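> If you scroll down you'll find the structure; I have some questions about it.
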Amino acid sequence: MDPKDTKTGKGVFITVGTTAFDSLIEALLVPTIIAQLSELGYDEIRVQYGKGKYVYDAAFTPELKDMVNETGISIGGFEYEDSVKITEFIKDADLIISHAGSGTILDALRYQKAIIVVPNESLMDNHQAELAKEMSKQKYVIRGKLDKIATHIAQAQTYGFRHFPRTGSKTFVELLEDEIEKAEKDKIDPTPVNKNKATYHQRRYKDCDDWTDMGPEPCGRCFIL
Amino acid sequence: MSVIVALFLSVLLIFIFISLRIYLILPTRPSAVPQTSILQSDRVVELTPPENSHVLMILGSGGHTAEMFSLLSSISPDTITHRTYVFSSGDIHSAKSARAFENSLAGSYTKKSNEKIGYRLLEIPRARRVRQSWITTPWSCLMCLIGCMNVLRGGDLEGMSVQMRQCWEGRRFPDVVVCNGPATAVMMVLACYIYKFFGRCSTRIIYVESFARVTTMSLSGKLLLPLANRFLVQWPQLAEIYPGVEHLGFLVS
């Protein structure tokens with residue numbers, strides 16, 4: 001039988017993106033958090049640790065291993081996968097704990113998953129923290145702090161996450177089509193300066209609408225006709 | 001003495017001519033129009049949609065590419081019949097995403113004739129590689145610019161099959177360029193303006209600032225602010241800071 005069919009528990013996906021965000025892994029892979037997650041019904045934890053393999057390995061202390069054996073929770077980690085696979089992991093999980101990468105946030109919102117976003121404050125260019133702040137203000141995500149992660153996990157179980165609007169692309173495509181029409185309108189006349197030669201070509205090959213190829217030889221468009 | 005005066009005057013004249021030309025081709029964006037009414041006011045002018053159209057999309061690194069395809073997720077291949085994707089050399093991820101996106105479009109054609117037009121997926125040299133020395137950067141920027149100009153005039157079509165050339169003839173210059181942030185976009189827009197300066201094309205430029213930018217504009221965004229025909233931001237905070245940009249809500253979905 002497929003192990004997926006027998007899956008009764010829920011999954012957690014922890015992701016740090018391409019940067020190193022060791023403190024997030026350190027804060028999450030501790031016995032108390034594992035116990036809490038297990039109690040809430042999660043039985044699978046997937047960690048994308050990026051450049052933090054050593055932190056991930058170091059997190060497996062004897063206490064943590066005992067806790068894992070006791071609760072029967074399964075923990076697996078990997079360095080990085082391409083975006084299609086990452087999206088799969090997000091789709092399969094029920095709770096996402098992530099750095100503030102816009103890609104992960106958008107994926108989580110697309111599949112309407114509970115997501116806790118922890119901005120990496122050690123990064124200098126911190127527009128990601130701003131994104132996390134705004135998104136949490138509008139209740140799309142929970143903005144987490146490293147030292148209060150347990151509270152956030154409890155909060156995420158009952159939090160009323162707002163659904164992200166799905167009309168964005170339609171608005172954009174409408175605008176794009178508007179622009180195409182405008183471009184068509186003010187298109188520079190492709191007629192070359194030497195009009196006599198072009199009309200010659202057109203006279204010769206009746207109804208040929210190609211102005212760019214002006215020679216006496218038939219052009220591609222003449223062939224179509 | 002008179003030679004110097006004549007020289008000075010001619011230089012002045014050339015300068016005036018060039019600035020006038022640049023002034024003429026620069027887009028005029030209404031900055032006082034309420035942000036929400038722009039779409040509606042444009043719709044009042046009824047234009048007949050063209051049979052086919054050519055849109056060029058600039059793909060950047062991971063996040064930018066993903067956002068670009070999110071923006072485009074609901075395009076119809078029958079309206080935008082000619083599609084060109086441009087990626088920086090070595091960015092295999094973007095090239096793969098473009099192919100995957102085209103495969104997803106394959107089922108939504110309603111006209112057989114549009115299907116054979118296909119799409120162009122083109123590689124251009126990088127403007128600046130990571131950790132490249134600043135001395136060689138102008139040179140690589142120039143190579144990138146030449147690459148962009150070649151893409152715009154459809155230079156790559158010369159090496160393609162007769163059928164492909166027939167399909168693209170008369171649509172070599174894109175009607176619209178869509179970009180959302182990578183450095184290559186700046187070079188591509190610059191190349192567009194070089195052609196516009198000489199009246200070769202009337203391409204319109206749409207710039208979409210990344211969803212991740214809430215209160216600060218990216219460098220590419222700042223540079224392209226006066227050059228884009230439509231400048232879209234996804235957060236109202238940015239629209240307040242920069243006049244002339246439009247906020248139509250989230251565009252990614």
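In the structure tokens, chains take the letters A, B, ... in the order shown, each chain's residues start at 1, and ligands count up from 1 in the order shown.
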Write out as CSV a residue-level contact list of chain A versus chain B with cut-off 9 Å: for each qualifying residue the closest pair of atoms and the distance in Å to one decimal, counting only C-alpha atoms, rows sorted by chain and residue number upward.

residue,atom,partner,partner_atom,distance
A:Asp82,CA,B:His93,CA,8.5
A:Ser83,CA,B:Gly62,CA,8.6
A:Gly101,CA,B:Ala212,CA,8.1
A:Ser102,CA,B:Ala212,CA,5.7
A:Gly103,CA,B:Gly63,CA,6.4
A:Leu106,CA,B:Ser253,CA,7.6
A:Leu109,CA,B:Ser253,CA,8.9
A:Arg110,CA,B:Ser253,CA,7.2
A:His127,CA,B:Arg213,CA,6.4
A:Gln128,CA,B:Ala212,CA,6.6
A:Glu130,CA,B:Val214,CA,6.5
A:Leu131,CA,B:Ala212,CA,5.8
A:Glu134,CA,B:Val214,CA,7.7
A:Phe164,CA,B:Ser253,CA,7.7
A:Pro165,CA,B:Ser253,CA,6.8
A:Arg166,CA,B:Ser253,CA,4.9
A:Thr167,CA,B:Ser253,CA,6.6
A:Gly168,CA,B:Leu251,CA,3.7
A:Ser169,CA,B:Leu71,CA,4.8
A:Lys170,CA,B:Ser74,CA,6.2
A:Thr171,CA,B:Leu251,CA,6.7
A:Phe172,CA,B:Leu251,CA,6.0
A:Val173,CA,B:Ile75,CA,6.1
A:Glu174,CA,B:Leu39,CA,8.9
A:Leu175,CA,B:Leu39,CA,7.3
A:Leu176,CA,B:Val176,CA,7.9
A:Glu177,CA,B:Thr79,CA,7.9
A:Asp178,CA,B:Arg43,CA,7.7
A:Glu179,CA,B:Val176,CA,7.1
A:Ile180,CA,B:Asp175,CA,6.1
A:Glu181,CA,B:Pro49,CA,5.7
A:Lys182,CA,B:Leu47,CA,7.8
A:Ala183,CA,B:Asp175,CA,5.7
A:Glu184,CA,B:Pro50,CA,7.0
A:Lys185,CA,B:Leu47,CA,8.0
A:Asp186,CA,B:Ser202,CA,7.0
A:Lys187,CA,B:Ser202,CA,5.6
A:Ile188,CA,B:Ser202,CA,6.3
A:Pro190,CA,B:Gly170,CA,8.3
A:Asp210,CA,B:Gly170,CA,7.3
A:Trp211,CA,B:Gly170,CA,8.4
A:Thr212,CA,B:Gly170,CA,7.5
A:Cys219,CA,B:Gln166,CA,8.9
A:Gly220,CA,B:Gln166,CA,5.5
A:Arg221,CA,B:Gln166,CA,6.8
A:Ile224,CA,B:Gln166,CA,8.7
> If we count only C-alpha atoms and set the cut-off at 7 Å, which residues sit around Ile73 of chain A, ignoring sequence neighbours fewer than 2 positions away in its own chain? Please answer as a CSV table (one decimal) with N, CA and C atoms, in the first residue's frame.

chain,number,residue,atom,x,y,z
A,38,SER,N,4.1,17.1,17.9
A,38,SER,CA,3.5,15.7,18.0
A,38,SER,C,2.1,15.7,18.7
A,43,ASP,N,3.0,14.5,12.3
A,43,ASP,CA,3.9,13.3,12.5
A,43,ASP,C,5.0,13.3,11.4
A,44,GLU,N,5.2,14.4,10.7
A,44,GLU,CA,6.2,14.4,9.7
A,44,GLU,C,6.8,15.9,9.6
A,68,VAL,N,12.3,12.0,19.5
A,68,VAL,CA,11.8,11.5,18.2
A,68,VAL,C,11.3,10.0,18.4
A,71,THR,N,7.9,9.9,20.4
A,71,THR,CA,6.7,10.4,19.7
A,71,THR,C,6.5,9.7,18.4
A,75,ILE,N,11.6,12.9,11.0
A,75,ILE,CA,12.2,14.2,10.6
A,75,ILE,C,13.2,13.9,9.4
> Which residue gives the smallest distance to Pro31 of chain A among A:Ser98, A:Asn69, A:Thr15, A:Gln48, with only C-alpha atoms counted?
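Counting only C-alpha atoms, the residue closest to Pro31 of chain A is A:Asn69.
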> Quick one: distance from atom CA of Leu105 of chain B to atom CA of Thr84 of chain B in Å, one decimal?
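For atom CA of Leu105 of chain B relative to atom CA of Thr84 of chain B, the distance reads 14.0 Å.
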> Neighbours of Lys145 of chain A within 9 Å (only C-alpha atoms; same-chain residues fewer than 6 positions away dropped), as a list in words?
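Residues near the query, excluding close chain neighbours: Val117, Val118, Pro119 and His152 of chain A.
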> Please produce a file of those selected residues containing C-alpha atoms, as a PDB file, in the first residue's frame.

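What follows is the written file again-v7.pdb:
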ATOM      1  CA  VAL A 117       7.075  33.681   8.546  1.00  0.00           C
ATOM      2  CA  VAL A 118      10.227  34.409  10.495  1.00  0.00           C
ATOM      3  CA  PRO A 119      12.236  37.241   8.936  1.00  0.00           C
ATOM      4  CA  HIS A 152       3.073  30.947  17.125  1.00  0.00           C
TER       5      HIS A 152
END
> Mind checking which residues fall within 10 Å of Ile146 of chain B, counting only C-alpha atoms, ignoring those fewer than 5 positions away in the same chain, and posting them as a count of residues only?
9
> Leaving out Thr151 of chain A and any residue of its chain fewer than 5 positions from it, which residues lie within 12 Å of it when counting only C-alpha atoms, given as a list in words?
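Answer for this query is Thr32, Ile33, Gln36, Leu37, Ile116, Ile142, Arg143, Gly144, Lys145, Leu146, Ala156, Gln157, Thr158 and Tyr159 of chain A.
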> Please produce a file of the residues just selected, as a CSV table (one decimal), in the first residue's frame, where the atoms kept are C-alpha atoms.

chain,number,residue,atom,x,y,z
A,32,THR,CA,10.0,20.9,23.4
A,33,ILE,CA,8.9,22.0,19.9
A,36,GLN,CA,4.4,20.2,20.9
A,37,LEU,CA,4.1,19.4,17.2
A,116,ILE,CA,4.5,31.3,10.0
A,142,ILE,CA,1.7,34.9,11.0
A,143,ARG,CA,4.9,36.9,11.6
A,144,GLY,CA,7.0,34.9,14.0
A,145,LYS,CA,9.8,35.7,16.4
A,146,LEU,CA,12.4,33.1,17.1
A,156,ALA,CA,-1.5,28.9,13.8
A,157,GLN,CA,-3.9,26.0,14.6
A,158,THR,CA,-6.9,28.3,15.0
A,159,TYR,CA,-5.7,31.5,13.2
> If you count only C-alpha atoms, which residues fall within 6 Å of segment 17-25 of chain A, apart from same-chain ones fewer than 2 positions away, as a compact mmCIF listing (two decimals) with C-alpha atoms, in the first residue's frame?

# COMPACT_ATOMS: atom_id res chain seq x y z
CA THR A 15 12.37 26.18 4.75
CA ALA A 27 15.02 27.23 17.41
CA LEU A 28 12.79 24.58 15.84
CA LEU A 29 14.69 21.32 16.21
CA GLY A 50 20.11 25.37 2.72
CA LYS A 51 23.65 26.16 3.80
CA GLY A 52 22.99 25.01 7.37
> As a ChimeraX atom specification, please: every residue in segment 8-242 of chain B that DSSP puts in strand (DSSP E or B).
/B:54-58,82-88,119-124,176-179,204-208,230-233
> Find the residues around Tyr23 of chain B up to 12 Å (only C-alpha atoms counted), leave out those fewer than 4 positions away in its own chain, and share them as a PyMOL selection string.
chain B and resi 16-19+27-28+193+196-197+226-227
> Return as a ChimeraX atom specification the full set of residues in segment 73-143 of chain A whose backbone-based DSSP assignment is helix (DSSP H, G or I).
/A:83-92,102-110,127-137
> Take atom CA of Arg46 of chain A and atom CA of Lys148 of chain A and report the distance between them in Å, one decimal.
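Atom-to-atom, atom CA of Arg46 of chain A and atom CA of Lys148 of chain A are spaced 20.5 Å apart.
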